[in-house]
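upload-v8.txt follows (compact mmCIF, C-alpha atoms and all ligand atoms):
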# COMPACT_ATOMS: atom_id res chain seq x y z
CA MET A 163 -14.05 4.68 90.70
CA HIS A 164 -15.00 5.12 87.06
CA TYR A 165 -17.19 8.22 86.63
CA GLN A 166 -20.37 8.28 84.62
CA ALA A 167 -22.26 11.55 84.42
CA ALA A 168 -25.81 11.60 85.83
CA PRO A 169 -28.32 10.97 83.04
CA GLY A 170 -30.66 13.71 84.37
CA ARG A 171 -27.99 16.42 84.44
CA TYR A 172 -29.74 18.79 82.03
CA GLN A 173 -33.08 18.78 83.80
CA SER A 174 -32.42 21.06 86.73
CA ILE A 175 -30.51 24.23 85.94
CA PRO A 176 -31.28 26.93 83.39
CA TYR A 177 -28.93 28.11 80.63
CA GLN A 178 -28.77 31.63 79.22
CA ARG A 179 -27.48 32.98 75.95
CA CYS A 180 -24.20 34.83 76.33
CA GLY A 181 -24.87 38.32 74.95
CA GLN A 182 -25.70 38.17 71.25
CA SER A 183 -23.70 35.00 70.67
CA GLY A 184 -25.05 31.52 70.08
CA LEU A 185 -23.45 30.16 73.23
CA LEU A 186 -25.59 29.15 76.21
CA LEU A 187 -23.98 29.23 79.65
CA PRO A 188 -25.29 27.75 82.90
CA ARG A 189 -26.63 30.47 85.23
CA ILE A 190 -24.11 29.18 87.78
CA SER A 191 -20.55 28.37 86.73
CA LEU A 192 -17.65 27.00 88.77
CA GLY A 193 -14.24 28.68 89.09
CA LEU A 194 -10.98 27.02 90.09
CA TRP A 195 -9.06 30.03 91.46
CA HIS A 196 -8.95 28.45 94.93
CA ASN A 197 -9.35 24.82 96.08
CA TRP A 198 -7.73 23.05 93.07
CA GLY A 199 -4.05 23.86 93.68
CA ASP A 200 -1.37 21.40 94.73
CA VAL A 201 -1.93 22.64 98.30
CA ASP A 202 -5.52 21.36 98.17
CA ARG A 203 -6.95 17.85 98.44
CA PHE A 204 -7.26 16.46 94.92
CA GLU A 205 -10.13 14.08 95.72
CA THR A 206 -12.24 16.90 97.17
CA GLY A 207 -11.75 18.86 93.96
CA ARG A 208 -12.71 15.80 91.94
CA ALA A 209 -15.89 15.29 93.98
CA VAL A 210 -16.92 18.94 93.54
CA ILE A 211 -16.37 18.88 89.77
CA ARG A 212 -18.22 15.57 89.33
CA ARG A 213 -21.15 16.84 91.37
CA ALA A 214 -21.17 20.15 89.49
CA PHE A 215 -21.34 18.41 86.12
CA ASP A 216 -24.02 16.04 87.43
CA LEU A 217 -26.08 19.09 88.41
CA GLY A 218 -25.75 20.61 84.93
CA VAL A 219 -22.87 23.02 85.54
CA THR A 220 -21.14 22.85 82.17
CA HIS A 221 -18.73 25.76 82.59
CA PHE A 222 -15.40 25.57 84.44
CA ASP A 223 -13.23 28.68 84.66
CA LEU A 224 -9.46 28.69 85.06
CA ALA A 225 -6.47 30.98 84.54
CA ASN A 226 -2.78 30.37 83.92
CA ASN A 227 -1.85 31.45 87.45
CA TYR A 228 -4.46 29.62 89.57
CA GLY A 229 -3.03 27.34 92.24
CA PRO A 230 -0.99 27.66 94.37
CA PRO A 231 1.58 27.12 93.04
CA PRO A 232 0.63 29.01 89.86
CA GLY A 233 -0.33 26.60 87.10
CA SER A 234 -1.26 23.75 89.42
CA ALA A 235 -5.04 24.32 89.13
CA GLU A 236 -4.75 23.77 85.37
CA THR A 237 -2.55 20.71 85.86
CA ASN A 238 -4.99 19.22 88.39
CA PHE A 239 -7.99 20.10 86.24
CA GLY A 240 -6.24 18.44 83.28
CA ARG A 241 -5.82 15.25 85.30
CA LEU A 242 -9.47 15.32 86.40
CA PHE A 243 -10.58 16.05 82.88
CA HIS A 244 -8.69 13.11 81.40
CA GLU A 245 -9.73 10.71 84.15
CA ASP A 246 -13.40 11.71 84.33
CA LEU A 247 -14.62 14.15 81.72
CA ALA A 248 -12.80 13.63 78.44
CA VAL A 249 -15.70 11.76 76.86
CA TYR A 250 -17.91 14.76 77.68
CA ARG A 251 -15.59 17.35 76.05
CA ASP A 252 -18.32 18.65 73.74
CA GLU A 253 -20.61 19.25 76.74
CA LEU A 254 -18.07 21.47 78.51
CA ILE A 255 -17.10 25.11 78.35
CA ILE A 256 -13.56 25.42 79.68
CA SER A 257 -12.00 28.86 79.94
CA THR A 258 -8.57 30.17 80.79
CA LYS A 259 -6.85 33.55 80.94
CA ALA A 260 -3.52 35.30 80.50
CA GLY A 261 -2.40 38.63 81.95
CA TYR A 262 -1.30 38.26 85.57
CA HIS A 263 2.25 37.34 86.53
CA MET A 264 3.10 33.77 85.54
CA TRP A 265 6.77 33.31 84.68
CA PRO A 266 10.00 35.33 85.15
CA GLY A 267 11.21 37.95 82.74
CA PRO A 268 9.50 40.59 80.60
CA TYR A 269 7.10 38.18 78.83
CA GLY A 270 5.62 36.41 81.86
CA GLU A 271 2.68 38.78 82.40
CA TRP A 272 0.52 41.55 80.90
CA GLY A 273 -0.82 41.76 77.37
CA SER A 274 1.88 41.61 74.67
CA ARG A 275 1.22 39.21 71.80
CA LYS A 276 4.33 37.31 72.91
CA SER A 277 3.08 36.86 76.46
CA VAL A 278 -0.59 36.12 75.70
CA LEU A 279 0.04 33.48 73.03
CA ALA A 280 2.87 31.77 74.94
CA SER A 281 0.64 31.65 78.01
CA LEU A 282 -2.18 29.97 76.10
CA ASP A 283 0.20 27.31 74.78
CA GLN A 284 1.37 26.65 78.35
CA SER A 285 -2.23 26.40 79.61
CA LEU A 286 -3.22 23.94 76.88
CA LYS A 287 -0.19 21.82 77.71
CA ARG A 288 -0.91 21.82 81.45
CA MET A 289 -4.54 20.82 80.89
CA GLY A 290 -3.75 18.43 78.04
CA LEU A 291 -6.37 20.12 75.85
CA GLU A 292 -6.33 20.87 72.14
CA TYR A 293 -8.38 24.02 72.65
CA VAL A 294 -10.17 26.04 75.31
CA ASP A 295 -13.67 27.32 74.75
CA ILE A 296 -13.04 30.85 76.01
CA PHE A 297 -9.66 32.59 76.19
CA TYR A 298 -9.49 35.84 78.16
CA SER A 299 -7.23 38.80 78.50
CA HIS A 300 -7.24 38.73 82.32
CA ARG A 301 -6.55 42.45 82.75
CA PRO A 302 -5.92 45.45 80.51
CA ASP A 303 -2.24 46.29 79.98
CA PRO A 304 -1.48 50.02 80.08
CA GLY A 305 1.90 49.39 78.38
CA THR A 306 0.61 47.50 75.32
CA PRO A 307 -1.62 48.86 72.55
CA LEU A 308 -5.06 47.33 72.90
CA GLU A 309 -4.86 46.36 69.21
CA GLU A 310 -1.94 44.08 70.04
CA THR A 311 -3.65 42.31 72.95
CA MET A 312 -6.93 41.91 71.04
CA GLY A 313 -4.97 40.80 67.96
CA ALA A 314 -3.46 38.02 70.07
CA LEU A 315 -6.95 36.84 71.18
CA ASP A 316 -8.14 36.92 67.57
CA HIS A 317 -5.08 34.92 66.50
CA ALA A 318 -5.74 32.30 69.21
CA VAL A 319 -9.26 31.85 67.84
CA ARG A 320 -8.04 31.63 64.23
CA GLN A 321 -5.45 29.05 65.25
CA GLY A 322 -8.26 26.94 66.71
CA LYS A 323 -6.70 27.08 70.17
CA ALA A 324 -9.74 28.98 71.51
CA LEU A 325 -13.33 29.09 70.30
CA TYR A 326 -14.22 32.50 71.74
CA ALA A 327 -12.43 35.60 73.07
CA GLY A 328 -13.17 37.32 76.39
CA ILE A 329 -11.93 40.20 78.51
CA SER A 330 -11.78 40.62 82.26
CA ASN A 331 -11.37 43.62 84.55
CA TYR A 332 -11.63 46.11 81.65
CA ASN A 333 -13.35 49.43 82.50
CA PRO A 334 -16.23 50.79 80.37
CA ALA A 335 -14.03 52.77 77.94
CA GLN A 336 -11.57 49.89 77.53
CA THR A 337 -14.50 47.50 77.05
CA ARG A 338 -15.97 49.59 74.23
CA GLN A 339 -12.58 49.89 72.55
CA ALA A 340 -11.75 46.19 72.90
CA ALA A 341 -15.16 45.22 71.54
CA ALA A 342 -14.74 47.49 68.51
CA ILE A 343 -11.26 46.12 67.71
CA LEU A 344 -12.35 42.50 68.00
CA ARG A 345 -15.47 43.11 65.93
CA ALA A 346 -13.38 44.68 63.18
CA LEU A 347 -11.06 41.66 63.26
CA GLY A 348 -14.04 39.32 62.81
CA THR A 349 -13.84 37.73 66.28
CA PRO A 350 -16.62 39.36 68.32
CA CYS A 351 -15.84 39.52 72.03
CA LEU A 352 -18.05 36.91 73.68
CA ILE A 353 -17.92 37.87 77.32
CA HIS A 354 -16.72 40.20 80.04
CA GLN A 355 -15.68 38.75 83.41
CA GLN A 356 -16.08 41.18 86.26
CA SER A 357 -16.26 41.16 90.04
CA TYR A 358 -19.81 41.68 91.30
CA SER A 359 -21.46 41.10 94.66
CA MET A 360 -23.43 43.04 97.26
CA PHE A 361 -20.02 44.32 98.43
CA ARG A 362 -18.52 45.16 94.98
CA ARG A 363 -20.75 47.02 92.55
CA GLU A 364 -18.49 48.54 89.86
CA LEU A 365 -20.54 46.65 87.27
CA GLU A 366 -23.44 49.02 87.93
CA GLU A 367 -21.26 52.09 87.30
CA GLY A 368 -21.38 52.26 83.50
CA LEU A 369 -19.81 48.88 82.79
CA SER A 370 -23.05 46.95 82.34
CA ALA A 371 -24.17 49.48 79.70
CA ALA A 372 -20.86 49.12 77.82
CA ILE A 373 -21.16 45.32 77.89
CA GLU A 374 -24.76 45.37 76.68
CA GLU A 375 -24.03 47.88 73.90
CA ALA A 376 -21.22 45.64 72.67
CA GLY A 377 -23.56 42.63 72.56
CA MET A 378 -21.36 40.78 75.02
CA GLY A 379 -22.45 38.57 77.89
CA CYS A 380 -21.21 39.03 81.43
CA ILE A 381 -20.01 36.47 83.95
CA VAL A 382 -19.55 37.84 87.45
CA PHE A 383 -16.86 36.57 89.79
CA SER A 384 -16.69 36.37 93.59
CA PRO A 385 -20.48 36.78 93.93
CA LEU A 386 -20.20 35.58 97.54
CA ALA A 387 -17.44 38.13 98.28
CA GLN A 388 -15.07 35.17 98.66
CA GLY A 389 -17.31 33.47 101.21
CA GLN A 390 -18.33 36.49 103.28
CA LEU A 391 -21.89 36.42 101.92
CA THR A 392 -22.54 32.94 103.35
CA ASP A 393 -22.87 31.43 106.82
CA ARG A 394 -19.10 30.67 106.84
CA TYR A 395 -18.15 33.41 109.32
CA LEU A 396 -21.33 33.75 111.35
CA GLN A 397 -20.09 31.94 114.47
CA GLU A 398 -19.07 34.39 117.22
CA ASN A 399 -15.31 34.93 117.44
CA GLU A 400 -14.53 31.95 115.32
CA ILE A 401 -12.79 31.86 111.96
CA PRO A 402 -12.96 28.29 110.61
CA ALA A 403 -9.43 26.91 110.26
CA ASP A 404 -10.06 25.61 106.74
CA SER A 405 -11.58 28.87 105.44
CA ARG A 406 -10.19 31.36 102.94
CA ALA A 407 -10.05 34.05 105.62
CA ALA A 408 -7.87 31.76 107.77
CA ARG A 409 -5.41 31.50 104.88
CA GLY A 410 -5.46 35.29 104.95
CA GLN A 411 -3.93 36.01 101.55
CA PHE A 412 -6.86 37.19 99.45
CA LEU A 413 -9.52 37.58 102.14
CA LYS A 414 -8.43 39.49 105.22
CA LEU A 415 -9.75 38.84 108.70
CA GLU A 416 -10.29 42.55 109.35
CA GLN A 417 -12.44 42.78 106.23
CA VAL A 418 -14.55 39.80 107.32
CA GLN A 419 -14.99 41.19 110.83
CA ALA A 420 -15.87 44.70 109.62
CA ASN A 421 -18.59 43.31 107.34
CA LEU A 422 -20.10 40.93 109.92
CA PRO A 423 -22.93 43.19 111.16
CA LYS A 424 -24.20 43.59 107.59
CA VAL A 425 -23.75 39.89 106.91
CA ARG A 426 -25.86 39.05 109.99
CA SER A 427 -28.69 41.32 108.83
CA LEU A 428 -28.53 39.90 105.30
CA HIS A 429 -28.58 36.39 106.74
CA ALA A 430 -31.79 37.20 108.65
CA LEU A 431 -33.39 38.55 105.47
CA ALA A 432 -32.38 35.44 103.51
CA GLN A 433 -33.97 33.25 106.18
CA LYS A 434 -37.23 35.18 105.81
CA ARG A 435 -37.09 34.42 102.08
CA GLY A 436 -36.59 30.75 102.86
CA GLN A 437 -33.04 30.75 101.46
CA THR A 438 -29.51 30.55 102.78
CA LEU A 439 -27.50 33.78 102.61
CA ALA A 440 -25.32 32.24 99.86
CA GLN A 441 -28.43 31.49 97.80
CA MET A 442 -29.82 35.00 98.24
CA ALA A 443 -26.47 36.59 97.37
CA LEU A 444 -26.21 34.55 94.16
CA ALA A 445 -29.82 35.22 93.15
CA TRP A 446 -29.16 38.93 93.74
CA THR A 447 -26.28 38.95 91.21
CA LEU A 448 -28.46 37.17 88.65
CA ARG A 449 -31.22 39.82 88.87
CA LEU A 450 -29.32 42.12 86.44
CA PRO A 451 -30.28 41.35 82.83
CA VAL A 452 -26.65 41.76 81.72
CA VAL A 453 -25.48 38.89 83.93
CA THR A 454 -25.38 35.64 81.97
CA SER A 455 -23.79 33.53 84.69
CA THR A 456 -22.56 33.92 88.24
CA LEU A 457 -19.14 32.35 88.84
CA ILE A 458 -18.75 30.72 92.23
CA GLY A 459 -15.99 28.95 94.08
CA ALA A 460 -16.63 25.98 96.39
CA SER A 461 -14.36 24.09 98.75
CA SER A 462 -16.85 21.24 99.30
CA VAL A 463 -19.73 19.42 97.65
CA ARG A 464 -22.01 20.78 100.37
CA GLN A 465 -21.19 24.37 99.42
CA LEU A 466 -21.70 23.65 95.73
CA GLU A 467 -25.10 22.07 96.36
CA ASP A 468 -26.14 24.94 98.63
CA ASN A 469 -25.19 27.41 95.89
CA VAL A 470 -26.89 25.65 92.99
CA LYS A 471 -30.15 25.69 94.95
CA ALA A 472 -30.10 29.49 94.57
CA LEU A 473 -31.70 28.85 91.19
CA ASP A 474 -34.89 27.63 92.90
CA ARG A 475 -35.73 31.20 93.94
CA LEU A 476 -34.39 34.06 91.85
CA ASP A 477 -37.16 36.65 92.20
CA PHE A 478 -37.01 39.62 94.60
CA SER A 479 -39.80 41.95 95.63
CA ALA A 480 -39.12 45.69 95.45
CA ALA A 481 -39.33 45.78 99.26
CA GLU A 482 -36.68 43.07 99.60
CA LEU A 483 -34.32 44.87 97.24
CA GLU A 484 -34.82 48.03 99.26
CA GLN A 485 -34.11 46.22 102.51
CA ILE A 486 -30.86 44.91 101.04
CA GLU A 487 -29.82 48.44 100.04
CA THR A 488 -30.65 49.72 103.53
CA ILE A 489 -28.52 47.01 105.12
CA LEU A 490 -25.62 47.64 102.75
CA LYS A 491 -25.71 51.38 103.48
CA SER A 492 -25.90 50.92 107.26
CA LYS A 493 -22.82 51.75 109.35
P1 LIG B 501 -17.02 33.20 95.72
O1 LIG B 501 -17.34 34.60 96.08
O2 LIG B 501 -18.12 32.28 95.31
O3 LIG B 501 -16.23 32.54 96.96
C1 LIG B 501 -16.01 31.17 97.02
C2 LIG B 501 -15.65 30.76 98.43
O4 LIG B 501 -16.71 31.05 99.33
C3 LIG B 501 -15.44 29.27 98.55
O5 LIG B 501 -14.12 28.89 98.22
C4 LIG B 501 -15.77 29.02 100.01
O6 LIG B 501 -14.69 29.48 100.82
C5 LIG B 501 -16.92 29.99 100.23
N1 LIG B 501 -18.24 29.41 99.93
C6 LIG B 501 -18.78 29.15 98.70
N2 LIG B 501 -20.02 28.68 98.81
C7 LIG B 501 -20.31 28.62 100.13
C8 LIG B 501 -21.44 28.23 100.86
N3 LIG B 501 -22.54 27.80 100.23
N4 LIG B 501 -21.38 28.29 102.20
C9 LIG B 501 -20.27 28.72 102.84
N5 LIG B 501 -19.15 29.13 102.20
C10 LIG B 501 -19.17 29.08 100.85
O7 LIG B 501 -16.03 33.17 94.49
P2 LIG B 501 -14.41 33.15 94.31
O8 LIG B 501 -13.82 34.35 94.97
O9 LIG B 501 -13.91 31.81 94.68
O10 LIG B 501 -14.30 33.35 92.75
C11 LIG B 501 -14.99 32.45 91.90
C12 LIG B 501 -14.27 32.34 90.58
O11 LIG B 501 -14.26 33.59 89.91
C13 LIG B 501 -12.79 31.97 90.68
O12 LIG B 501 -12.60 30.59 90.91
C14 LIG B 501 -12.31 32.40 89.33
O13 LIG B 501 -12.67 31.44 88.36
C15 LIG B 501 -13.09 33.71 89.10
N6 LIG B 501 -12.32 34.90 89.48
C16 LIG B 501 -11.87 35.69 88.47
C17 LIG B 501 -11.11 36.81 88.72
C18 LIG B 501 -10.67 37.68 87.58
O14 LIG B 501 -9.85 38.59 87.78
N7 LIG B 501 -11.17 37.46 86.40
C19 LIG B 501 -10.73 37.19 90.11
C20 LIG B 501 -11.31 36.32 91.12
C21 LIG B 501 -12.07 35.22 90.80
P3 LIG B 501 -13.87 28.56 101.83
O15 LIG B 501 -12.65 28.20 101.08
O16 LIG B 501 -13.64 29.44 102.99
O17 LIG B 501 -14.72 27.35 102.15

Turn the structure described in the file into structure tokens.
Amino acid sequence: MHYQAAPGRYQSIPYQRCGQSGLLLPRISLGLWHNWGDVDRFETGRAVIRRAFDLGVTHFDLANNYGPPPGSAETNFGRLFHEDLAVYRDELIISTKAGYHMWPGPYGEWGSRKSVLASLDQSLKRMGLEYVDIFYSHRPDPGTPLEETMGALDHAVRQGKALYAGISNYNPAQTRQAAAILRALGTPCLIHQQSYSMFRRELEEGLSAAIEEAGMGCIVFSPLAQGQLTDRYLQENEIPADSRAARGQFLKLEQVQANLPKVRSLHALAQKRGQTLAQMALAWTLRLPVVTSTLIGASSVRQLEDNVKALDRLDFSAAELEQIETILKSK
């Protein structure tokens, strides 16, 4: 059925400026790492993206290798985009990345100029786009001078194939260096994409200061710890067959089971706040001033809607924050 975006889509969710740039991002963004590959149901992905845009989620995050198979998330997103969203291109922030393994041979991964620029051309072709809004170096490359990788991002922007440059998984020292190189080239680094959740807190260990000093924004990925910080695994002895943990590749059963006692306590606290655990976990990531947007995944419209409602209650009392720390530190 022909899609028309909801007229009230900009009335519900807040947008925040990304660092010192002019760009506003939705406080919740949607990532296509999982659930949009050829192994997934296309119409479910379409329904989630339509609903997200109707709710005001303007930012969709991809990477060359998302799938499986690698590349298929971009191909499927491209199809969805052309069927549903093309007329809204100027309302969308679409990002992609290069750096992880994508094609055979010495140029199919990491951060050489050759690899990064070829990867962007492939991504644009798969999605059928003239440009992406944000193009990231997905990970730092110890074998390539940072000047070369950042030079490739700068070149992509000058070519008009990307509007902004970003980095992901760079540590504080690499972040400072990358920011200085890009600033000198005249393409300030817009954004840093980093893992952050109650279970992964590297952002708090010096990285947030480096990001703020550089005037960059920060978008945090896997804020639900890949689904652990939700009610997904709360049933006794039951791993849902359609869950990420059941697939077992990126989220291991042992990990889920080991974290369950903490998840149960966090769930109880969320209920006292009048929220689902997913909503509390997302609000918790957004409490840091450095965090522009929290980048979720969703395998259904129900999950997406649950998550977006996190924005109804973002505040925490000092006592609640302390209780969360106590739970996280418990054995
Ligand atoms: P999340 O931590 O949000 O996990 C998403 C998964 O959690 C969903 O697929 C679903 O799993 C489950 N889930 C989500 N909402 C709910 C809910 N309300 N109730 C129950 N279960 C729920 O994020 P992701 O790990 O998916 O990462 C998000 C995005 O971040 C990626 O798509 C990608 O764009 C980016 N990313 C970037 C990386 C980088 O190196 N730069 C690395 C990893 C991610 P299920 O399938 O079981 O239903």

Query raised in the report: For Ala209 in chain A, which of A:His263, A:Lys493, A:Arg464, A:Arg345 is the closest residue, counting all atoms listed in the file?
Result: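 Using all atoms listed in the file, Ala209 in chain A sits closest to A:Arg464.
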
Query raised in the report: So how many Å separate CA of Ala440 in chain A and CA of Phe204 in chain A, to one decimal?
Result: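 Rounded to one decimal, the two atoms are 24.5 Å apart.
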
Requested in this report: May I ask which of the residues A:Arg203, A:Arg362, A:Arg449, A:Arg320 is the closest one to Leu386 in chain A, counting only C-alpha atoms?
Outcome: A:Arg362

Query raised in the report: Skipping near chain neighbours, those fewer than 4 positions away, what residues fall within 8 Å of Leu291 in chain A using only C-alpha atoms, listed as a PyMOL selection string?
Result: chain A and resi 240+286-287

Query - 7 Å shell around ligand LIG 501 (chain B) using all atoms listed in the file, listed as number ranges by chain - result: A: 192-197, 223-224, 300, 330-331, 355-357, 383-390, 392-394, 404-407, 440, 457-461, 465-466, 468-469
